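Here the structure is laid out as structure tokens; the discussion comes afterwards.
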Amino acid sequence: CPSLIESFVDHASNLESATIFRKWAAIATIGAVLEQKVWLQTSAPLYPNLYVFLVGHPGVGKTRTVMSSAAFYRQLPEPHLAPTSMSMASMVDALVDAKRTFINLPNPPLEYNSMFIVADELSAFMHKFDDEIIGGLTTFYDVNAPYSQRRRGNDLRILIKHPQLSILSGTTPSNLIKFMPENAWDQGFTSRVIMIFSDERIISDDFFAHSARDLPSDMVHDLSIINSLCGQFEATEDYRNAINNW
């Protein structure tokens with residue numbers, strides 16, 4: 001029985017995108033679905049949310065891969081997808097609205113705020129490198145740091161105890177270089193981003209050979225099962241050795 005990642009790679013094979021793009025789109029989607037319901041205990045709880053950039057030249061299927069991920073994520077009962085374009089203030093507002101209460105009997109319910117940013121192009125999400133937004137993204141990746149903000153205009157105080165973001169975005173190498181200033185590459189934000197590059201260009205012999213595919217019911221069912229998971233994961237000895245050796 002294939003995993004959901006393997007099934008997604010196979011399902012999206014009609015998109016003419018690199019296998020590695022499809023694989024990491026599936027991984028990012030699963031991380032966004034799991035939110036803060038599961039964790040791995042290290043010096044602090046480690047949650048599965050990821051920031052994934054699919055990096056490739058135009059016409060290699062990044063957009064369709066990202067949009068296929070979004071289509072699966074929308075099958076959740078209450079998907080928390082972020083607006084495409086946001087300022088820091090609107091991102092905080094959207095995250096405030098993305099509150100989740102997960103019933104976890106006999107334990108107390110889990111309450112947190114989690115949101116999935118899906119952008120086929122990084123510049124559609126952020127038109128320019130904005131220090132305030134980048135600082136927010138860095139904070140929201142870590143989850144364990146509460147976020148507070150006071151707005152003087154209407155004397156509003158915002159407090160998000162457990163903020164969390166996941167990101168799946170596409171970009172070209174030239175846009176990425178133009179977007180990121182030189183001093184940003186050794187800062188906290190880029191250390192949190194997994195950049196997946198491929199220059200593989202898949203061109204079918206028959207332009208009309210691939211048609212749109214409905215979302216397979218078994219994959220949607222598996223995603224709902226993943227969405228219901230809750231609790232602490234344990235690391236096996238093989239996994240610990242692999243991580244430590246890496």
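Ordering of the structure tokens sets the chain letters (A, B, ...), residue numbers begin anew at 1 in every chain, and ligands are numbered from 1 in the order given.
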From stretch 36-178 of chain A, collect each residue whose DSSP state is helix (DSSP H, G or I) and return the set as a PyMOL selection string. chain A and resi 62-73+88-97+122-125+131-142+173-178
Residues near A:Pro83, cut-off 12 Å, only C-alpha atoms, skip fewer than 2 positions along chain, as a short mmCIF file (atom, residue, chain, number, x, y, z; two decimals) with all heavy atoms, in the first residue's frame:
```
data_model
loop_
_atom_site.label_atom_id
_atom_site.label_comp_id
_atom_site.auth_asym_id
_atom_site.auth_seq_id
_atom_site.Cartn_x
_atom_site.Cartn_y
_atom_site.Cartn_z
N HIS A 80 -7.50 26.19 6.54
CA HIS A 80 -7.07 27.54 6.88
C HIS A 80 -6.01 27.98 5.87
O HIS A 80 -4.82 27.98 6.15
CB HIS A 80 -6.51 27.59 8.29
CG HIS A 80 -7.55 27.49 9.36
ND1 HIS A 80 -7.25 27.29 10.70
CD2 HIS A 80 -8.91 27.56 9.30
CE1 HIS A 80 -8.37 27.24 11.40
NE2 HIS A 80 -9.38 27.40 10.57
N LEU A 81 -6.48 28.35 4.68
CA LEU A 81 -5.58 28.85 3.64
C LEU A 81 -5.44 30.35 3.77
O LEU A 81 -6.42 31.08 3.95
CB LEU A 81 -6.12 28.51 2.24
CG LEU A 81 -5.80 27.11 1.70
CD1 LEU A 81 -6.54 26.89 0.39
CD2 LEU A 81 -4.30 26.93 1.49
N SER A 85 -1.96 37.49 -1.21
CA SER A 85 -1.07 38.63 -0.99
C SER A 85 -1.40 39.26 0.35
O SER A 85 -2.57 39.53 0.65
CB SER A 85 -1.23 39.66 -2.11
OG SER A 85 -0.41 40.78 -1.89
N MET A 86 -0.35 39.49 1.17
CA MET A 86 -0.59 40.00 2.51
C MET A 86 0.48 40.99 2.95
O MET A 86 1.65 40.84 2.58
CB MET A 86 -0.61 38.84 3.53
CG MET A 86 -1.77 37.89 3.39
SD MET A 86 -1.71 36.57 4.64
CE MET A 86 -0.33 35.61 4.03
N SER A 87 0.06 41.96 3.72
CA SER A 87 0.98 42.77 4.50
C SER A 87 1.17 42.07 5.84
O SER A 87 0.50 41.07 6.14
CB SER A 87 0.41 44.17 4.71
OG SER A 87 -0.78 44.10 5.49
N MET A 88 2.05 42.59 6.68
CA MET A 88 2.23 41.99 8.01
C MET A 88 0.93 42.08 8.81
O MET A 88 0.52 41.11 9.46
CB MET A 88 3.36 42.69 8.75
CG MET A 88 3.63 42.13 10.14
SD MET A 88 4.05 40.36 10.12
CE MET A 88 4.20 40.04 11.87
N SER A 90 -2.22 42.27 7.71
CA SER A 90 -3.25 41.37 7.21
C SER A 90 -2.89 39.91 7.47
O SER A 90 -3.77 39.06 7.66
CB SER A 90 -3.49 41.60 5.71
OG SER A 90 -2.32 41.35 4.96
N MET A 91 -1.59 39.60 7.49
CA MET A 91 -1.18 38.24 7.80
C MET A 91 -1.52 37.90 9.25
O MET A 91 -2.01 36.80 9.55
CB MET A 91 0.32 38.05 7.56
CG MET A 91 0.82 36.64 7.85
SD MET A 91 2.49 36.31 7.20
CE MET A 91 3.46 37.45 8.17
N VAL A 92 -1.27 38.85 10.16
CA VAL A 92 -1.62 38.64 11.56
C VAL A 92 -3.13 38.49 11.72
O VAL A 92 -3.61 37.61 12.44
CB VAL A 92 -1.09 39.79 12.43
CG1 VAL A 92 -1.66 39.70 13.85
CG2 VAL A 92 0.43 39.78 12.47
N ASP A 93 -3.91 39.33 11.02
CA ASP A 93 -5.37 39.24 11.10
C ASP A 93 -5.86 37.87 10.61
O ASP A 93 -6.76 37.27 11.21
CB ASP A 93 -6.01 40.35 10.27
CG ASP A 93 -5.82 41.73 10.90
OD1 ASP A 93 -5.53 41.78 12.11
OD2 ASP A 93 -5.97 42.73 10.18
N ALA A 94 -5.29 37.40 9.50
CA ALA A 94 -5.69 36.10 8.96
C ALA A 94 -5.31 34.98 9.92
O ALA A 94 -6.07 34.02 10.10
CB ALA A 94 -5.04 35.88 7.60
N LEU A 95 -4.16 35.12 10.57
CA LEU A 95 -3.73 34.09 11.52
C LEU A 95 -4.60 34.10 12.78
O LEU A 95 -4.89 33.03 13.34
CB LEU A 95 -2.26 34.31 11.89
CG LEU A 95 -1.54 33.20 12.66
CD1 LEU A 95 -1.67 31.86 11.94
CD2 LEU A 95 -0.07 33.55 12.85
N ASP A 97 -7.75 34.74 12.75
CA ASP A 97 -8.97 34.06 12.33
C ASP A 97 -8.77 32.55 12.17
O ASP A 97 -9.75 31.80 12.17
CB ASP A 97 -9.47 34.65 11.00
CG ASP A 97 -9.98 36.07 11.16
OD1 ASP A 97 -10.34 36.45 12.29
OD2 ASP A 97 -10.01 36.80 10.14
N ALA A 98 -7.52 32.13 12.01
CA ALA A 98 -7.23 30.71 11.77
C ALA A 98 -7.05 29.95 13.08
O ALA A 98 -6.10 29.18 13.24
CB ALA A 98 -5.98 30.58 10.89
N MET A 115 -2.01 28.27 9.93
CA MET A 115 -2.45 28.69 8.60
C MET A 115 -1.45 28.19 7.56
O MET A 115 -0.26 28.05 7.83
CB MET A 115 -2.56 30.22 8.56
CG MET A 115 -3.17 30.81 7.31
SD MET A 115 -3.59 32.57 7.54
CE MET A 115 -1.95 33.30 7.78
N PHE A 116 -1.95 27.91 6.36
CA PHE A 116 -1.14 27.38 5.25
C PHE A 116 -1.07 28.44 4.15
O PHE A 116 -2.09 28.84 3.60
CB PHE A 116 -1.78 26.10 4.72
CG PHE A 116 -0.93 25.31 3.76
CD1 PHE A 116 0.43 25.50 3.65
CD2 PHE A 116 -1.51 24.34 2.95
CE1 PHE A 116 1.20 24.76 2.78
CE2 PHE A 116 -0.76 23.58 2.08
CZ PHE A 116 0.60 23.79 1.99
N ILE A 117 0.13 28.91 3.85
CA ILE A 117 0.35 29.86 2.75
C ILE A 117 0.72 29.06 1.51
O ILE A 117 1.73 28.36 1.49
CB ILE A 117 1.47 30.86 3.10
CG1 ILE A 117 1.06 31.73 4.28
CG2 ILE A 117 1.79 31.73 1.89
CD1 ILE A 117 2.17 32.66 4.77
N VAL A 118 -0.11 29.16 0.49
CA VAL A 118 0.14 28.48 -0.78
C VAL A 118 0.22 29.55 -1.87
O VAL A 118 -0.76 30.25 -2.12
CB VAL A 118 -0.98 27.46 -1.11
CG1 VAL A 118 -0.72 26.80 -2.45
CG2 VAL A 118 -1.09 26.41 -0.01
N ALA A 119 1.38 29.68 -2.47
CA ALA A 119 1.58 30.72 -3.50
C ALA A 119 2.35 30.13 -4.66
O ALA A 119 3.45 29.59 -4.47
CB ALA A 119 2.34 31.91 -2.91
N ALA A 124 4.06 36.84 -5.57
CA ALA A 124 2.62 37.08 -5.42
C ALA A 124 2.25 37.18 -3.95
O ALA A 124 1.31 37.88 -3.58
CB ALA A 124 1.83 35.95 -6.08
N PHE A 125 3.00 36.48 -3.11
CA PHE A 125 2.77 36.53 -1.67
C PHE A 125 3.43 37.76 -1.06
O PHE A 125 2.83 38.49 -0.28
CB PHE A 125 3.31 35.24 -1.03
CG PHE A 125 3.52 35.32 0.45
CD1 PHE A 125 2.53 35.75 1.31
CD2 PHE A 125 4.75 34.95 1.00
CE1 PHE A 125 2.73 35.82 2.68
CE2 PHE A 125 4.96 35.01 2.36
CZ PHE A 125 3.95 35.46 3.19
N MET A 126 4.71 37.98 -1.41
CA MET A 126 5.43 39.16 -0.93
C MET A 126 6.01 39.89 -2.14
O MET A 126 6.85 39.34 -2.86
CB MET A 126 6.57 38.75 0.01
CG MET A 126 6.14 38.35 1.38
SD MET A 126 7.56 38.11 2.51
CE MET A 126 8.33 36.66 1.80
#
```
For the contact check between stretch 129-234 of chain A and stretch 36-49 of chain A, emit one row per residue of stretch 129-234 of chain A within 9 Å, containing the shortest atom pair and the distance in Å rounded to one decimal, counting only C-alpha atoms, chain then rising number order, as a tab-separated table.
```
residue	atom	partner	partner_atom	distance
A:Tyr141	CA	A:Asn49	CA	7.2
A:Asp142	CA	A:Tyr47	CA	8.4
A:Val143	CA	A:Tyr47	CA	7.8
A:Asn144	CA	A:Pro45	CA	7.7
A:His162	CA	A:Gln36	CA	8.8
A:Gln164	CA	A:Asn49	CA	7.6
A:Leu165	CA	A:Asn49	CA	6.8
A:Ser166	CA	A:Asn49	CA	5.1
A:Ile167	CA	A:Asn49	CA	8.1
A:Asn227	CA	A:Lys37	CA	8.4
A:Ser228	CA	A:Lys37	CA	8.3
A:Leu229	CA	A:Lys37	CA	6.7
A:Cys230	CA	A:Lys37	CA	4.8
A:Gly231	CA	A:Val38	CA	4.8
A:Gln232	CA	A:Trp39	CA	5.1
A:Phe233	CA	A:Leu40	CA	5.1
A:Glu234	CA	A:Leu40	CA	6.5
```
Quick one: residues within 8 Å of stretch 52-59 of chain A, only C-alpha atoms counted, chain neighbours fewer than 2 positions away excluded, as a list in words?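 Skipping anything fewer than 2 positions along the chain leaves Phe21, Trp24, Ala25, Ala28, Leu50, Gly61, Lys62, Ile167, Leu168, Ser169, Gly170, Thr171, Thr172, Pro173, Val193, Ile194, Met195, Ile196, Phe197, Ser198, Asp199 and Arg201 of chain A.
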Near-A:Ala184 list (10 Å; only C-alpha atoms; drop same-chain fewer than 6 positions) as a CSV table (one decimal) with C-alpha atoms, in the first residue's frame:
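Once everything was written out, this is part.csv:
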```csv
chain,number,residue,atom,x,y,z
A,129,PHE,CA,11.6,41.7,0.8
A,131,ASP,CA,11.8,43.0,7.2
A,134,ILE,CA,10.2,38.3,7.3
A,190,THR,CA,16.4,31.4,5.1
A,191,SER,CA,17.7,28.8,7.6
```
Using only C-alpha atoms, can you tell me which of A:Phe72, A:Phe179, A:Tyr239, A:Trp246 comes closest to A:Leu4? A:Phe72
I'd like to know which of A:Asp120, A:Asp222, A:Glu78, A:Ala89 is closest to A:Ile133, using only C-alpha atoms.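 Among the listed residues, A:Ala89 lies closest to A:Ile133.
Candidate residues A:Leu122, A:Ile27, A:Ala145, A:Leu34 were compared for distance to A:Ser174, and the nearest is A:Leu122, using only C-alpha atoms.
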Which residues are close to A:Leu159, i.e. within 8 Å by only C-alpha atoms, leaving aside same-chain residues fewer than 3 positions away? Reply as a list in words.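 Final neighbour list, sorted by chain and number: Pro146, Tyr147, Ser148 and Gln149 of chain A.
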Which of stretch 41-143 of chain A fall in strand (DSSP E or B), as an NGL selection string: :A and (41 or 45-46 or 51-55 or 81 or 99-102 or 110-119)
Please determine, counting only C-alpha atoms, which residue among A:Glu16, A:Glu35, A:Glu111, A:Asp10 has the shortest atom-to-atom distance to A:Met219.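 Result for the nearest residue to A:Met219: A:Asp10.
Among the candidates A:Val33, A:Leu105, A:Val96, A:Ala82, the one nearest to A:Pro163 when counting only C-alpha atoms is A:Val96.
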Figure out the distance between atom CA of A:Tyr112 and atom CA of A:Arg100, please, to one decimal in Å.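 Atom-to-atom, atom CA of A:Arg100 and atom CA of A:Tyr112 are spaced 5.4 Å apart.
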